[in-house]
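Down below is the structure, laid out as structure tokens.
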Amino acid sequence: MAKVQENGAVEKPNKTPWDVSKALKNVRQHLGKGDKERKFSIDIAPAPSVTVNSSSLIGKVAVVTGSSRSTGAAIAKALGEQGANVVVNYLRSEQEASKVVQAVRAQGRGAVAIRADLSTVDGARHLVDESMRAFGKIDILVLNAGIMKHKPLAEIDEASFDAHMNFNVKVPLFLVKEAASYLPSPGGRVIFFSSSMTSSSAIVSNMLCFLASKGAIEQVARVLSKDLGNKGITVNTVSPGPLDTAQFREGKSQKWIDFFSKQSPSNRLGLPEDVAPLVAFLASPAAQWINGQNMRVNGGSVI
């Protein structure tokens with residue numbers, strides 16, 4: 001009979017047809033004469049039988065930053081649907097976070113809400129510590145939290161610039177550093193968030209700090225895919241196009257909303273539910289050979 005833990009997790013046997021840990025059959029350490037550095041070779045066998053299904057993440061623990069509402073909430077629920085236990089991170093929206101926790105638990109998964117201020121490195125450490133206390137491990141790290149303010153060059157000050165760089169670049173980087181030692185090697189997953197707007201010509205002048213910070217995190221992800229990739233941990237970036245969220249609509253007139261909607265062949269903004277399935281896929285064993293990639297999800301608005 002299944003055992004229910006305090007955090008809501010239901011202990012079940014892992015029925016995943018293919019275990020990524022079995023793919024790492026040998027790690028050969030080569031030490032040439034006179035070499036001062038150790039070189040590692042990781043042989044990962046293909047997994048043709050692996051598909052994403054409702055049990056592909058059973059037994060995994062996913063930490064999703066900024067997941068009390070909007071895109072983060074959709075991601076938390078999608079990971080729960082695939083079998084993961086989920087840490088729902090929030091800052092002010094405790095009631096909304098509780099609703100997401102209940103939605104994940106209703107799927108038979110474990111979930112907890114953890115308050116952490118991710119504008120500071122201390123907040124990142126707190127989130128990792130509390131996640132480990134709740135579940136004892138972290139398999140998947142989704143760095144969804146971020147800020148997007150709108151100021152043209154003439155109105156930008158140091159506080160605005162620093163806020164974007166701290167929240168969108170510095171803290172996500174140090175959160176990965178704090179969690180890296182807990183991620184399974186191989187099999188760990190790190191998923192950053194950027195924006196399709198970093199490669200679009202359809203931008204407006206008041207997005208300077210936001211897009212500068214997102215361009216920076218794309219480069220962080222590229223480098224970390226090599227660093228953590230040596231351990232069999234994949235690092236990828238998801239870059240949505242404009243999503244119909246409160247954060248995106250803030251500071252924009254209906255004229256601008258319509259402008260961005262028309263960039264898509266479907267003549268609409270994206271939805272959080274358009275993005276969440278890709279995150280669930282990248283978190284799954286089926287994505288073990290996808291590393292260092294920037295996956296744009298924008299309905300064709302940026303190609």
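Letters A, B, ... mark the chains of the structure tokens in the order given; residue numbers begin at 1 per chain; ligand numbers begin at 1, in order shown.
Counting only C-alpha atoms, Gly241 (chain A) has the following residues at most 8 Å away, ignoring those fewer than 2 positions along the same chain: Ser195, Ser196, Met197, Ser239, Leu243, Leu269, Gly270, Arg296, Val297, Asn298, Gly299, Ser301 and Val302 of chain A.
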Using only C-alpha atoms, which residues of region 63-82 of chain A come within 7 Å of region 279-293 of chain A, and what is the closest atom pair for each, with the distance in Å to one decimal? Give it as a Markdown table, sorted by chain and residue number.
| residue | atom | partner | partner_atom | distance |
| --- | --- | --- | --- | --- |
| A:Ile75 | CA | A:Val279 | CA | 6.9 |
| A:Ala78 | CA | A:Ala280 | CA | 6.3 |
| A:Leu79 | CA | A:Ala280 | CA | 5.5 |
**Item:** Test item, helix (DSSP H, G or I) assignment across region 74-236 of chain A, answer as an MDAnalysis selection string
**Value:** chainID A and resid 74:81 94:105 121:135 153:155 158:180 196:199 205:231
**Request:** List every residue of region 30-246 of chain A that DSSP, applied to the backbone, labels as strand (DSSP E or B), and write the result as number ranges by chain.
**Result:** A: 30, 39-44, 61-64, 85-90, 111-115, 140-143, 189-193, 234-240, 243
Selection to disk with N, CA, C and O atoms, as a compact mmCIF listing (two decimals), in the first residue's frame:
# COMPACT_ATOMS: atom_id res chain seq x y z
N HIS A 30 41.31 9.53 -17.57
CA HIS A 30 42.58 9.40 -18.27
C HIS A 30 43.60 10.35 -17.66
O HIS A 30 43.35 11.54 -17.56
N LYS A 39 41.03 14.41 -17.34
CA LYS A 39 40.07 14.46 -18.44
C LYS A 39 39.05 13.35 -18.24
O LYS A 39 39.41 12.20 -17.99
N PHE A 40 37.79 13.71 -18.39
CA PHE A 40 36.73 12.74 -18.15
C PHE A 40 35.99 12.45 -19.44
O PHE A 40 35.74 13.34 -20.25
N SER A 41 35.62 11.22 -19.64
CA SER A 41 34.82 10.82 -20.79
C SER A 41 33.56 10.16 -20.26
O SER A 41 33.63 9.22 -19.47
N ILE A 42 32.41 10.66 -20.68
CA ILE A 42 31.13 10.10 -20.23
C ILE A 42 30.42 9.47 -21.42
O ILE A 42 30.13 10.14 -22.41
N ASP A 43 30.19 8.17 -21.37
CA ASP A 43 29.48 7.47 -22.43
C ASP A 43 28.02 7.34 -22.05
O ASP A 43 27.68 6.69 -21.07
N ILE A 44 27.16 7.98 -22.82
CA ILE A 44 25.72 7.92 -22.56
C ILE A 44 25.05 7.21 -23.72
O ILE A 44 25.10 7.68 -24.86
N VAL A 61 12.19 15.25 -7.62
CA VAL A 61 11.81 16.46 -6.90
C VAL A 61 12.19 17.67 -7.74
O VAL A 61 13.35 17.81 -8.13
N ALA A 62 11.22 18.52 -8.01
CA ALA A 62 11.44 19.72 -8.83
C ALA A 62 11.24 20.97 -7.99
O ALA A 62 10.22 21.10 -7.29
N VAL A 63 12.18 21.89 -8.07
CA VAL A 63 12.06 23.20 -7.44
C VAL A 63 11.78 24.20 -8.55
O VAL A 63 12.58 24.34 -9.48
N VAL A 64 10.65 24.89 -8.45
CA VAL A 64 10.26 25.86 -9.47
C VAL A 64 10.18 27.24 -8.82
O VAL A 64 9.33 27.48 -7.96
N ASN A 85 7.41 15.40 -7.50
CA ASN A 85 7.07 16.16 -6.30
C ASN A 85 7.60 17.57 -6.52
O ASN A 85 8.68 17.75 -7.09
N VAL A 86 6.88 18.58 -6.05
CA VAL A 86 7.19 19.95 -6.45
C VAL A 86 7.32 20.89 -5.26
O VAL A 86 6.50 20.87 -4.34
N VAL A 87 8.38 21.70 -5.31
CA VAL A 87 8.54 22.81 -4.38
C VAL A 87 8.01 24.07 -5.07
O VAL A 87 8.52 24.47 -6.11
N VAL A 88 6.96 24.65 -4.50
CA VAL A 88 6.34 25.86 -5.06
C VAL A 88 6.93 27.06 -4.31
O VAL A 88 6.69 27.25 -3.13
N ASN A 89 7.72 27.85 -5.01
CA ASN A 89 8.35 29.01 -4.40
C ASN A 89 7.50 30.25 -4.62
O ASN A 89 6.93 30.46 -5.68
N TYR A 90 7.42 31.08 -3.57
CA TYR A 90 6.68 32.34 -3.67
C TYR A 90 7.33 33.38 -2.78
O TYR A 90 8.19 33.05 -1.94
N ALA A 111 3.94 18.06 -2.54
CA ALA A 111 4.18 19.47 -2.85
C ALA A 111 4.24 20.26 -1.56
O ALA A 111 3.51 19.97 -0.60
N VAL A 112 5.12 21.25 -1.53
CA VAL A 112 5.20 22.18 -0.42
C VAL A 112 5.40 23.58 -0.98
O VAL A 112 5.94 23.75 -2.08
N ALA A 113 4.96 24.59 -0.23
CA ALA A 113 5.19 25.98 -0.61
C ALA A 113 6.29 26.53 0.28
O ALA A 113 6.25 26.37 1.50
N ILE A 114 7.28 27.17 -0.33
CA ILE A 114 8.40 27.73 0.42
C ILE A 114 8.56 29.20 0.04
O ILE A 114 8.75 29.53 -1.13
N ARG A 115 8.48 30.05 1.06
CA ARG A 115 8.68 31.48 0.82
C ARG A 115 10.17 31.78 0.80
O ARG A 115 10.91 31.41 1.70
N ILE A 140 15.46 18.50 -10.16
CA ILE A 140 15.14 19.43 -11.25
C ILE A 140 15.06 20.83 -10.68
O ILE A 140 14.39 21.06 -9.67
N LEU A 141 15.73 21.77 -11.33
CA LEU A 141 15.71 23.16 -10.90
C LEU A 141 15.23 24.02 -12.05
O LEU A 141 15.88 24.11 -13.11
N VAL A 142 14.07 24.66 -11.88
CA VAL A 142 13.48 25.52 -12.92
C VAL A 142 13.54 26.97 -12.42
O VAL A 142 12.88 27.33 -11.44
N LEU A 143 14.33 27.79 -13.10
CA LEU A 143 14.59 29.16 -12.67
C LEU A 143 13.68 30.12 -13.42
O LEU A 143 14.10 30.87 -14.31
N ARG A 189 18.71 18.18 -13.80
CA ARG A 189 18.19 19.10 -14.82
C ARG A 189 18.18 20.53 -14.28
O ARG A 189 17.67 20.79 -13.17
N VAL A 190 18.73 21.46 -15.07
CA VAL A 190 18.67 22.88 -14.76
C VAL A 190 18.04 23.57 -15.96
O VAL A 190 18.51 23.41 -17.10
N ILE A 191 16.98 24.35 -15.71
CA ILE A 191 16.26 25.01 -16.80
C ILE A 191 16.14 26.49 -16.47
O ILE A 191 15.44 26.88 -15.52
N PHE A 192 16.86 27.32 -17.23
CA PHE A 192 16.79 28.76 -17.08
C PHE A 192 15.66 29.32 -17.94
O PHE A 192 15.18 28.67 -18.87
N PHE A 193 15.30 30.58 -17.65
CA PHE A 193 14.30 31.27 -18.45
C PHE A 193 14.88 32.56 -19.01
O PHE A 193 15.47 33.37 -18.29
N THR A 234 22.09 18.27 -17.36
CA THR A 234 21.80 19.13 -18.51
C THR A 234 21.39 20.51 -18.06
O THR A 234 20.74 20.68 -17.02
N VAL A 235 21.78 21.50 -18.84
CA VAL A 235 21.43 22.90 -18.57
C VAL A 235 20.89 23.50 -19.86
O VAL A 235 21.61 23.58 -20.87
N ASN A 236 19.63 23.90 -19.85
CA ASN A 236 19.00 24.48 -21.03
C ASN A 236 18.25 25.75 -20.67
O ASN A 236 18.02 26.05 -19.49
N THR A 237 17.86 26.49 -21.69
CA THR A 237 17.13 27.74 -21.50
C THR A 237 15.82 27.67 -22.28
O THR A 237 15.81 27.22 -23.43
N VAL A 238 14.75 28.10 -21.66
CA VAL A 238 13.46 28.23 -22.34
C VAL A 238 13.20 29.73 -22.52
O VAL A 238 13.28 30.50 -21.57
N SER A 239 12.93 30.12 -23.76
CA SER A 239 12.74 31.53 -24.08
C SER A 239 11.37 31.76 -24.70
O SER A 239 11.21 31.68 -25.92
N PRO A 240 10.37 32.02 -23.89
CA PRO A 240 9.03 32.26 -24.44
C PRO A 240 8.97 33.58 -25.21
O PRO A 240 9.75 34.50 -24.96
N LEU A 243 3.92 36.50 -23.42
CA LEU A 243 2.87 35.68 -22.81
C LEU A 243 1.82 36.59 -22.20
O LEU A 243 2.15 37.64 -21.63
**Request:** Could you jot down the CA of Gly8 (chain A) to CA of Gly110 (chain A) separation for me, Å, one decimal place?
**Result:** 4.2 Å
**Request:** Please provide as JSON, numbers by chain all residues within 6 Å of Lys231 (chain A), with the sequence filter that same-chain residues fewer than 2 positions apart are discarded (counting only C-alpha atoms).
**Result:** {"A": [185, 186, 228, 229, 233]}
Okay, now the selection with N, CA, C and O atoms, as a short mmCIF file (atom, residue, chain, number, x, y, z; two decimals), in the first residue's frame?
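Everything below was put into selection-v4.cif:
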data_model
loop_
_atom_site.label_atom_id
_atom_site.label_comp_id
_atom_site.auth_asym_id
_atom_site.auth_seq_id
_atom_site.Cartn_x
_atom_site.Cartn_y
_atom_site.Cartn_z
N SER A 185 23.94 13.06 -10.48
CA SER A 185 24.96 13.04 -11.52
C SER A 185 25.21 11.59 -11.94
O SER A 185 25.81 10.83 -11.19
N PRO A 186 24.67 11.19 -13.10
CA PRO A 186 23.95 11.99 -14.09
C PRO A 186 22.46 12.07 -13.78
O PRO A 186 21.98 11.43 -12.86
N LEU A 228 28.48 21.76 -15.85
CA LEU A 228 27.68 20.70 -15.23
C LEU A 228 27.48 19.51 -16.17
O LEU A 228 27.20 18.40 -15.72
N GLY A 229 27.60 19.77 -17.47
CA GLY A 229 27.47 18.68 -18.43
C GLY A 229 28.51 17.60 -18.23
O GLY A 229 28.29 16.43 -18.56
N ILE A 233 24.65 16.44 -16.01
CA ILE A 233 23.54 17.33 -15.66
C ILE A 233 23.30 18.25 -16.84
O ILE A 233 24.21 18.94 -17.30
#
**Message:** If I take CA of Val176 (chain A) and CA of Asp227 (chain A), how far is one from the other in Å, to one decimal?
**Reply:** 11.7 Å
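When only C-alpha atoms are used to compute distances to Gln219 (chain A), the closest of the residues A:Leu91, A:Ala103, A:Ala9, A:Leu173 turns out to be A:Leu173.
Comparing the minimum interatomic distances between Gly123 (chain A) and each of A:Val169, A:Leu175, A:Ile138, A:Ala145, counting only C-alpha atoms, we find that A:Leu175 sits nearest.
Each of A:Met207, A:Val128, A:Ile257, A:Val121 was checked against His164 (chain A) using only C-alpha atoms; the smallest atom-to-atom distance is that of A:Met207.
Note that the spacing between CA of Gln263 (chain A) and CA of Phe248 (chain A) amounts to 15.2 Å.
Residue nearest Lys214 (chain A), chosen from A:Ile303, A:Ile147, A:Ala76, A:Ile58 and counting only C-alpha atoms: A:Ile147.
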